[in-house]
Every structure is written in structure tokens, then in C-alpha cells.
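In what follows, a single structure is set out as C-alpha cells and then discussed.
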Amino acid sequence: MSQYTPFHEKALRTAAEETGQPAASFAVSAPPKPEMGDLAVGCFAAAKALGRSPVEIAKDVAAAFVPSDELASATAAGPFVNFRVARPAVFAWLADGVFARRALTPANVGAGQTVCIDYSSPNISKHLAYHHIRSTVIGQALAQMHRALGYRVVGINHLGDWGTTHGMLLAAHEKWGEPSPLDITALNDLYVRFRAAMKEDPALEQKARAWFHRLEAGDPAARATWQRFRDVSWAEFQSVYDMLGIVFDEVRGESAYEAAMPGVIDMLAQKQLTSESEGALVVQIPGEQTPLLLKTKDGTTLYATRDIAAAMYRWETYQFTRSLYVVDRGQGLHFKQLFAVLGMAGFEWASRCEHVPFGLVRIGGKKTGTRAGNVVLLKDVFNEATDEVAAKIREGAGGGAMTPAQIAEVAQMVGIGGVVFATLVSQRDKDVDFVLEKVLSLDGDSGPYLQYSHARCASILRKGGVAASELPAANLALLTHDAEWAVARRLLDFGDTVVRAAAACEPHTICHYLLNLAGDFSRWYTLGNGDASLRVICDDADLRLARLALVAMVGHALAEGLRLIGLGAPDQM
Ligand code: ARG
């Protein structure tokens with residue numbers, strides 16, 4: 001049960017008061033079986049401090065227990081005291097959270113703290129291909145989760161708009177002229193074509209390098225072409241971010257740190273951290289085989305040098321509590337080195353920087369990538385998913401009742417949502433491989449299944465015939481069935497789930513929570529199929545109102561949970 005509830009707090013306080021030990025010396029967990037109680041308070045540390053056995057302490061606490069508004073009973077079970085919470089109080093607390101505060105998340109956990117999240121951060125002049133979605137989608141979920149907990153979040157797109165790649169594009173532009181129309185596909189092709197040509201003709205590599213030098217030196221022609229490529233690329237990325245409803249707080253490409261390069265290198269040199277290796281300027285890291293490269297032998301600064309400048313900029317600008325980098329695990333060494341060098345430079349805040357790595361993405365077993373030119377485009381996947389869902393809605397029962405505009409809106413929410421969910425539902429470090437059909441299925445562990453559960457809540461509420469304004473007045477003490485209690489217990493875990501998911505940077509924790517909630521809801525709801533007295537829309541008006549209020553709470557939790565992981569929650573589908 002969420003520690004951010006008065007029930008958890010009261011159980012700890014009860015144990016503390018009875019024993020005279022601080023609340024922190026008791027640990028709360030869930031009893032092994034729900035029949036045993038709702039909260040298990042372990043007495044180990046308190047017993048140690050008192051020089052007594054935890055079994056005796058547990059017995060004492062249970063014996064002295066007096067029921068309160070929050071807690072109904074206490075029983076000793078070995079070294080634990082199992083408390084049963086007072087169900088009416090739980091329902092009342094949940095109703096207050098949903099109907100009055102409109103939040104089941106503790107909104108002050110992150111008060112006064114700032115989290116920088118570097119995510120998506122694609123490279124310009126290349127397709128935003130499928131493998132980028134994982135960073136985009138995980139980063140967006142982390143941003144939403146932290147925001148819900150009251151952190152100040154700075155979502156940063158560290159656009160890859162600098163480096164020798166851009167020299168290649170300029171050289172290709174000189175060699176073959178400006179593509180028409182100038183769009184991301186043309187730029188991507190230009191890059192692929194140039195790399196292929198470079199294999200045949202090594203002199204082209206020199207050309208690319210020379211162009212990058214011109215760009216670095218501020219040559220107006222080089223700059224103008226580069227800027228055009230950057231604008232075209234950004235417009236394309238923006239269209240995908242729009243589909244996902246993503247707005248970055250800061251879009252600051254690598255090029256923004258160009259001017260800071262000499263300062264970074266001076267700073268590291270002054271701290272005597274730099275050395276030369278085969279003509280290049282590097283930082284040797286104790287215990288690491290490969291050094292961090294600052295400057296190549298022809299004087300070009302690198303990705304890592306710009307990342308040092310960016311980290312310093314973020315610290316100076318935001319004084320973050322956490323600075324997260326949502327980047328694929330292939331860059332593990334880079335971030336390990338980066339953080340090590342920041343630490344060696346004496347920045348205490350280096351320990352606040354975290355790489356949030358993730359595994360590969362495949363679709364139907366196919367790997368995705370830009371180099372070879374065989375890309376699976378994110379936009380195409382979204383559009384295909386949306387079309388498929390639209391066709392399903394038209395065929396299905398919901399189609400007749402919806403206008404074409406409604407179908408289009410829901411199809412986009414569900415099509416994109418299905419893909420987003422499939423990207424998040426596995427633990428970050430696992431590779432994902434999915435087929436579109438499964439991702440969009442309504443009866444698997446899918447995003448559309450959760451969205452459908454939400455739409456079902458909305459539909460029950462419509463059929464229930466009570467106004468939303470009446471729900472808060474429901475007498476929730478009438479909800480005495482175990483299946484109803486299972487739903488309420490799950491709702492109590494909402495806040496804790498978000499806190500844990502944010503701390504571990506694991507949105508999949510929320511995905512699983514929502515699947516469990518939808519399962520509890522469905523088990524309760526379908527009971528009515530066999531027993532009319534258990535129907536939500538039952539004959540007894542008071543009971544009906546209470547059950548509808550519980551449906552509304554589930555609907556709220558589903559919508560809020562879906563929002564945190566970047567999915568919309570349709571009212572019908
Ligand atoms: N542009 C890089 C890439 O696509 C990712 C950048 C991640 N962020 C960072 N600060 N290094 O691989």
C-alpha cells in the first residue's frame with residue numbers, strides 16, 4: 001500500500017507510540033496474503049533497539065491496539081503486526097483524491113527539486129527512425145511522471161546538429177547539388193550516398209573534414225546550407241513530436257556549445273587532466289582503458305567535449321537534483337566516461353548525472369537503422385497503426401455511433417498509443433521486438449486494452465444516468481464486496497507506483513500497474529454477468545451511486561496513468 005496514504009502513516013505511528021521507538025525503526029510491507037491484512041509492520045529494528053524479540057513486540061502492539069478512523073484491527077503474526085485498514089476511510093480518502101484533489105499522486109514529493117531530462121535528441125539530416133522512439137517515449141514518460149510528483153522538469157532535446165557528419169553533408173551538397181525537394185528523405189539519402197561514395201574514394205573524407213572546418217570557422221555559405229538542413233530536419237521532427245503531444249522545454253543542439261569548447265578544454269587543462277595520445281587531446285580516466293577524446297589531431301572537438309559543456313551549462317542554469325540522459329545502452333561507455341571526467345574536474349554535481357539506458361527495438365524481427373538506409377520510419381508506423389485502428393472501429397460496434405471525425409481522433413489516440421505502450425511495457429534494458437497486430441490487439445497486455453477499459457468506465461458512467469456532480473456524495477461504505485475492495489486496494493497503490501517508477505526511471509512499472517488495475521476492474525465488473533445484484537447499474541439507487549463512484553475512480557486512475565506514460569484516454573472506442 002502506498003506509503004503516501006494516512007493508513008500507512010497511522011500503522012507506523014501506532015507501532016511507534018506503543019513501543020516508544022521512532023516510526024523509522026518499523027518497516028511496512030504487504031502481508032503475504034490479502035486475507036491476513038492490508039499492512040504488515042515488521043518489528044525487527046525496534047526489537048533490536050529494545051533488546052527484546054520482535055515476536056514479543058508484535059504481540060504487545062497488537063494487544064494494545066485500539067481501532068481508529070484509519071485502522072480497523074491488528075493481529076500479531078510472528079515478528080509482524082498485520083493491520084487491517086478501515087475500508088470506509090479508504091474509500092473516503094480515494095474519493096477525496098479523485099473528486100476533490102483530482103490526483104492520486106503525492107504532488108509534493110519533488111517540491112523544490114529540478115530534474116533535467118535529455119531525451120529524443122536525434123541527429124539532424126537523418127530520419128527519426130523507429131529506434132529513436134524509445135528515447136522519445138521513455139523520456140516523455142519520465143518527464144510527465146516527475147511533473148506529477150511536483151518536480152520542476154526541464155525536458156531537453158540535445159539535437160545532434162554538429163560534428164563531422166555535417167561536413168559530409170556539406171561536401172555531398174557541393175558534389176551533387178541541392179536535392180529538390182529538400183526534405184528529410186533527400187537529406188538522409190544524401191548522407192547514405194556520400195558514405196557509400198567515401199568507401200570508393202577516400203579523398204572525399206578529406207573534403208568532408210574541410211567542410212566541417214569551414215562550418216566551425218563560421219563560413220557564411222557553410223552556415224547557411226547547414227541552417228537550411230537543420231530547419232528542414234526540425235520541421236520533420238516537430239511533426240512527430242506533435243503526433244505524440246511532446247513539447248520540449250529546451251531545444252539546444254550540440255552546435256550551441258561550440259563557443260564553449262576552448263573554455264572547457266582550458267578548464268580541464270588547468271586541472272591537469274588533459275594529455276596527448278597519438279596527436280589527439282584526451283583525458284585519461286583511472287581504471288579505464290579508453291580515454292575520453294576531447295579533440296582529434298586535426299583540432300576538431302567531439303561529441304564528448306560538447307557533452308561536458310552541456311552538462312556544465314545545465315548545472316549552471318538549472319541546479320538540478322537529477323540530470324538524466326535517456327540514450328540507448330550502446331552509449332554506456334560514453335556516459336561512464338563523461339560522468340567520471342566531470343567528477344575528476346571536481347564537480348560535486350557529477351554524481352547527480354545518470355545515464356538511463358535502454359535496449360534495441362525491432363519490428364517483426366527487423367532491426368532499424370539509418371546508415372544502411374533500410375529504415376522503418378516512425379511516422380509510417382504511426383500512420384499504419386492509426387489506419388488499422390480506424391478500420392477496426394468502422395467494422396466494430398462502436399463505428400456506427402461515431403462521426404468520421406471522432407473515429408479519426410480515437411484511431412490516432414489508440415494507434416499511436418498502442419505503439420507507445422509496446423515501447424514502454426518491457427523493462428528498459430530489455431530489447432523489444434513487436435508486431436503491429438499484437439500491439440493493437442484489445443485483449444492482450446496492450447495500450448488499446450487499457451484505453452478500452454477507460455472507454456468502458458466512461459460508457460458505464462453514461463449509462464448509469466447520474467451526473468458527475470452527484471458522484472462525490474455517494475455512500476461508499478456500501479461497497480462491501482471483496483472484488484470492490486480489490487479495486488480500492490489497487491487504487492491505493494497508485495501514488496507509490498508513480499514514486500517508485502520515477503525514482504527507478506522505469507515507466508514499465510506504471511504499465512504493469514495499469515494492467516493490474518484494469519484486470520481488477522474487469523473481475524469486479526464482470527461479476528454482474530452472473531449475478532444481477534452485483535451489477536454496477538443495479539436496482540438499489542444508493543448502491544448504484546456508490547458503484548458508479550468507484551467506476552469513476554478507476555476511470556480517473558486509468559486516464560491519469562495513461563497520461564503519465566504518454567497515451568490518450570478515449571471516452572469511446
Ligand atoms: N544525438 C545522439 C544520438 O542520436 C544522442 C544524444 C544524447 N544526448 C547527449 N547529451 N549525448 O546518438
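Chain lettering (A, B, ...) mirrors the order of the C-alpha cells, residue numbering begins at 1 for each chain separately, and ligand numbering begins at 1 in order of display.
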
Could you build a table of the residues in chain A lying no more than 8 Å from ligand 1, giving for each the nearest pair of atoms and their separation in Å rounded to one decimal place, using only C-alpha atoms and all ligand atoms, ordered by chain and ascending residue number, as CSV?
residue,atom,partner,partner_atom_place_in_ligand_line,distance
A:Asp118,CA,ligand 1,8 (N),6.0
A:Tyr119,CA,ligand 1,7 (C),6.8
A:Ser120,CA,ligand 1,5 (C),7.3
A:Ser121,CA,ligand 1,6 (C),4.9
A:Pro122,CA,ligand 1,4 (O),4.4
A:Asn123,CA,ligand 1,1 (N),4.9
A:His132,CA,ligand 1,4 (O),7.6
A:Asn157,CA,ligand 1,8 (N),7.9
A:His158,CA,ligand 1,8 (N),5.6
A:Leu159,CA,ligand 1,1 (N),5.9
A:Gly160,CA,ligand 1,1 (N),4.2
A:Asp161,CA,ligand 1,1 (N),8.0
A:Tyr303,CA,ligand 1,11 (N),7.2
A:Ala304,CA,ligand 1,11 (N),7.5
A:Asp307,CA,ligand 1,10 (N),5.5
A:Ala310,CA,ligand 1,10 (N),7.2
A:Ala311,CA,ligand 1,10 (N),7.9
A:Tyr325,CA,ligand 1,8 (N),6.1
A:Val326,CA,ligand 1,7 (C),7.1
A:Val327,CA,ligand 1,7 (C),5.5
A:Asp328,CA,ligand 1,12 (O),7.8
A:Gln331,CA,ligand 1,12 (O),7.8
A:Phe335,CA,ligand 1,11 (N),7.9

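Neighbouring residues of segment 406-412 of chain A at 7 Å or closer, counting only C-alpha atoms and skipping chain neighbours under 3 positions away, are Thr386, Val389, Ala390, Met402, Thr403, Gly415, Ile416, Pro570 and Met573 of chain A.
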
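The space between atom CA of Tyr513 of chain A and atom CA of His355 of chain A spans 24.6 Å.
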
Contacts between segment 151-154 of chain A and segment 276-376 of chain A, please, where a residue of segment 276-376 of chain A counts if it comes within 10 Å (with only C-alpha atoms); show its shortest atom pair and distance in Å to one decimal, rows by chain and ascending number, as a tab-separated table.
residue	atom	partner	partner_atom	distance
A:Arg314	CA	A:Val154	CA	9.5
A:Tyr318	CA	A:Val154	CA	8.3
A:Phe320	CA	A:Arg152	CA	9.2
A:Thr321	CA	A:Tyr151	CA	9.5
A:Arg322	CA	A:Val153	CA	9.8
A:Ser323	CA	A:Val154	CA	9.3

Could you write out the selected residues, including C-alpha atoms, as a short mmCIF file (atom, residue, chain, number, x, y, z; two decimals), in the first residue's frame?
data_model
loop_
_atom_site.label_atom_id
_atom_site.label_comp_id
_atom_site.auth_asym_id
_atom_site.auth_seq_id
_atom_site.Cartn_x
_atom_site.Cartn_y
_atom_site.Cartn_z
CA ARG A 314 22.66 22.58 -17.31
CA TYR A 318 19.10 24.75 -13.50
CA PHE A 320 19.39 20.07 -10.96
CA THR A 321 18.77 17.40 -8.35
CA ARG A 322 18.95 14.82 -11.13
CA SER A 323 20.22 15.14 -14.66
#

Surrounding residues of Gly167 of chain A excluding itself and chain neighbours under 2 positions, 8 Å, only C-alpha atoms, as JSON, numbers by chain = {"A": [163, 164, 165, 169, 170, 171, 207, 208, 209, 210, 211, 212, 213, 215]}

Using C-alpha atoms, can you write the selected residues to a file as a short mmCIF file (atom, residue, chain, number, x, y, z; two decimals), in the first residue's frame?
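Result saved to out17.cif:
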data_model
loop_
_atom_site.label_atom_id
_atom_site.label_comp_id
_atom_site.auth_asym_id
_atom_site.auth_seq_id
_atom_site.Cartn_x
_atom_site.Cartn_y
_atom_site.Cartn_z
CA GLY A 163 30.19 17.28 -35.90
CA THR A 164 31.87 15.72 -38.90
CA THR A 165 28.62 14.23 -40.23
CA LEU A 169 26.51 16.58 -45.88
CA LEU A 170 28.05 19.85 -46.98
CA ALA A 171 30.58 18.01 -49.15
CA LYS A 207 36.62 17.06 -48.28
CA ALA A 208 34.08 16.38 -45.56
CA ARG A 209 36.58 17.34 -42.91
CA ALA A 210 37.45 20.54 -44.72
CA TRP A 211 33.78 21.44 -44.91
CA PHE A 212 33.32 20.83 -41.24
CA HIS A 213 36.24 23.17 -40.55
CA LEU A 215 31.40 25.32 -40.66
#

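In the backbone-derived DSSP annotation, strand (DSSP E) within segment 145-260 of chain A comprises A:Arg152, A:Val153, A:Val154, A:Gly155, A:Ile156, A:Asn157, A:Glu250, A:Val251.
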
Got a sec: who's within 9 Å of segment 227-244 of chain A, counting only C-alpha atoms, leaving out chain neighbours fewer than 4 positions off, as JSON, numbers by chain?
-> {"A": [122, 123, 124, 125, 126, 127, 128, 136, 137, 161, 182, 183, 184, 187, 222, 223, 378, 379, 382, 412, 416, 417, 420, 566, 567]}

Can I get the selection written as a compact mmCIF listing (two decimals), in the first residue's frame, with N, CA, C and O atoms?
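part-v3.txt, written as the output of this step:
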# COMPACT_ATOMS: atom_id res chain seq x y z
N PRO A 122 17.64 13.59 -31.46
CA PRO A 122 18.07 12.93 -32.70
C PRO A 122 19.13 13.76 -33.43
O PRO A 122 19.43 14.89 -33.04
N ASN A 123 19.66 13.15 -34.48
CA ASN A 123 20.64 13.86 -35.30
C ASN A 123 19.96 14.45 -36.51
O ASN A 123 19.16 13.78 -37.16
N ILE A 124 20.27 15.70 -36.80
CA ILE A 124 19.61 16.34 -37.94
C ILE A 124 20.09 15.71 -39.25
O ILE A 124 21.11 15.04 -39.31
N SER A 125 19.30 15.92 -40.27
CA SER A 125 19.55 15.39 -41.61
C SER A 125 19.45 13.88 -41.68
O SER A 125 19.90 13.26 -42.64
N LYS A 126 18.90 13.28 -40.64
CA LYS A 126 18.65 11.83 -40.69
C LYS A 126 17.21 11.61 -40.28
O LYS A 126 16.64 12.40 -39.51
N HIS A 127 16.67 10.52 -40.76
CA HIS A 127 15.31 10.18 -40.38
C HIS A 127 15.20 9.96 -38.89
O HIS A 127 16.09 9.41 -38.26
N LEU A 128 14.08 10.38 -38.35
CA LEU A 128 13.74 9.99 -37.00
C LEU A 128 13.17 8.59 -37.15
O LEU A 128 12.00 8.41 -37.45
N THR A 136 12.50 8.86 -27.02
CA THR A 136 11.46 9.89 -27.01
C THR A 136 10.34 9.53 -26.04
O THR A 136 9.92 10.35 -25.22
N VAL A 137 9.92 8.29 -26.14
CA VAL A 137 8.75 7.85 -25.38
C VAL A 137 9.10 7.62 -23.89
O VAL A 137 8.35 8.01 -23.00
N ASP A 161 23.35 18.37 -34.00
CA ASP A 161 23.43 19.26 -35.17
C ASP A 161 24.87 19.73 -35.40
O ASP A 161 25.09 20.77 -36.03
N LEU A 182 13.81 19.60 -51.01
CA LEU A 182 14.72 19.43 -49.89
C LEU A 182 13.91 19.00 -48.67
O LEU A 182 13.24 19.81 -48.05
N ASP A 183 13.94 17.71 -48.43
CA ASP A 183 13.25 17.22 -47.23
C ASP A 183 14.14 16.21 -46.52
O ASP A 183 15.25 15.93 -46.97
N ILE A 184 13.63 15.66 -45.45
CA ILE A 184 14.47 14.79 -44.63
C ILE A 184 14.88 13.52 -45.39
O ILE A 184 15.99 13.04 -45.23
N LEU A 187 17.76 14.44 -47.55
CA LEU A 187 18.96 14.63 -46.75
C LEU A 187 19.52 13.29 -46.28
O LEU A 187 20.73 13.05 -46.32
N ALA A 222 28.72 27.87 -45.70
CA ALA A 222 28.59 26.59 -44.99
C ALA A 222 27.47 26.70 -43.95
O ALA A 222 26.63 25.82 -43.82
N ARG A 223 27.50 27.82 -43.25
CA ARG A 223 26.49 28.04 -42.21
C ARG A 223 25.07 28.06 -42.78
O ARG A 223 24.14 27.49 -42.21
N LEU A 378 9.29 6.02 -38.12
CA LEU A 378 8.38 6.19 -37.02
C LEU A 378 7.01 6.66 -37.50
O LEU A 378 5.96 6.15 -37.10
N LYS A 379 7.04 7.65 -38.38
CA LYS A 379 5.79 8.22 -38.87
C LYS A 379 4.96 7.17 -39.61
O LYS A 379 3.75 7.11 -39.45
N PHE A 382 3.33 4.86 -37.15
CA PHE A 382 2.18 5.54 -36.52
C PHE A 382 0.99 5.59 -37.47
O PHE A 382 -0.14 5.32 -37.08
N GLN A 412 -6.26 7.71 -33.95
CA GLN A 412 -4.91 8.21 -33.75
C GLN A 412 -4.45 7.98 -32.30
O GLN A 412 -3.32 7.55 -32.06
N ILE A 416 -1.40 5.24 -32.17
CA ILE A 416 -0.13 5.73 -31.64
C ILE A 416 0.07 5.20 -30.22
O ILE A 416 1.16 4.75 -29.86
N GLY A 417 -1.01 5.24 -29.45
CA GLY A 417 -0.93 4.76 -28.06
C GLY A 417 -0.46 3.32 -27.98
O GLY A 417 0.34 2.96 -27.11
N VAL A 420 3.26 3.28 -28.59
CA VAL A 420 3.95 3.87 -27.43
C VAL A 420 3.98 2.87 -26.27
O VAL A 420 5.01 2.63 -25.64
N GLY A 566 2.12 8.84 -21.58
CA GLY A 566 2.04 9.44 -22.91
C GLY A 566 0.92 8.93 -23.80
O GLY A 566 0.98 9.09 -25.02
N LEU A 567 -0.10 8.31 -23.21
CA LEU A 567 -1.23 7.83 -24.02
C LEU A 567 -2.49 8.64 -23.71
O LEU A 567 -2.71 9.05 -22.58

Write out, as CSV, each residue of segment 422-519 of chain A that has an atom at most 12 Å from segment 8-29 of chain A, together with the closest pair of atoms and their distance in Å to one decimal, counting only C-alpha atoms, rows going by chain and rising number.
residue,atom,partner,partner_atom,distance
A:Leu492,CA,A:His8,CA,10.4
A:Asp493,CA,A:His8,CA,11.1
A:Asp496,CA,A:His8,CA,11.3

Could you save the residues just selected, with C-alpha atoms, as a PDB file, in the first residue's frame?
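Produced file selection.pdb, reproduced below:
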ATOM      1  CA  LEU A 492      -4.320   2.999  -3.022  1.00  0.00           C
ATOM      2  CA  ASP A 493      -1.083   1.857  -4.676  1.00  0.00           C
ATOM      3  CA  ASP A 496       3.560   4.785  -4.581  1.00  0.00           C
TER       4      ASP A 496
END

Write out as a PyMOL selection string which residues come within 12 Å of Ser446 of chain A when counting only C-alpha atoms, dropping same-chain ones fewer than 4 positions away.
-> chain A and resi 414-426+434-442+450-453+511-512+514-516+518+562+567

Name all residues at most 9 Å from Gln427 of chain A (count only C-alpha atoms; drop same-chain ones fewer than 4 positions away) and give them as a ChimeraX atom specification.
-> /A:358-359,431,506-509

May I have all residues of segment 223-382 of chain A that DSSP, computed from the backbone, assigns to helix (DSSP H, G or I), given as an MDAnalysis selection string?
-> chainID A and resid 223:244 254:270 303:318 329:344 348:352 378:382

Just give me the gap between atom CA of Ala569 of chain A and atom CA of Asn475 of chain A in Å, one decimal is fine.
-> 27.3 Å

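Distances to Gln319 of chain A were evaluated for A:Thr300, A:Thr114, A:Ser73, A:Ser277 using only C-alpha atoms, and the minimum falls at A:Thr114.
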
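Distances to Leu476 of chain A were evaluated for A:Val41, A:Leu142, A:Met344, A:Ala546 using only C-alpha atoms, and the minimum falls at A:Ala546.
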
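Considering only C-alpha atoms, the residue among A:Leu281, A:Ala269, A:Ala385, A:Ala224 positioned nearest to Ala345 of chain A is A:Ala269.
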
Selected residue of minimal separation from Val109 of chain A among A:Lys48, A:Arg428, A:His146, A:Arg134, counting only C-alpha atoms = A:His146
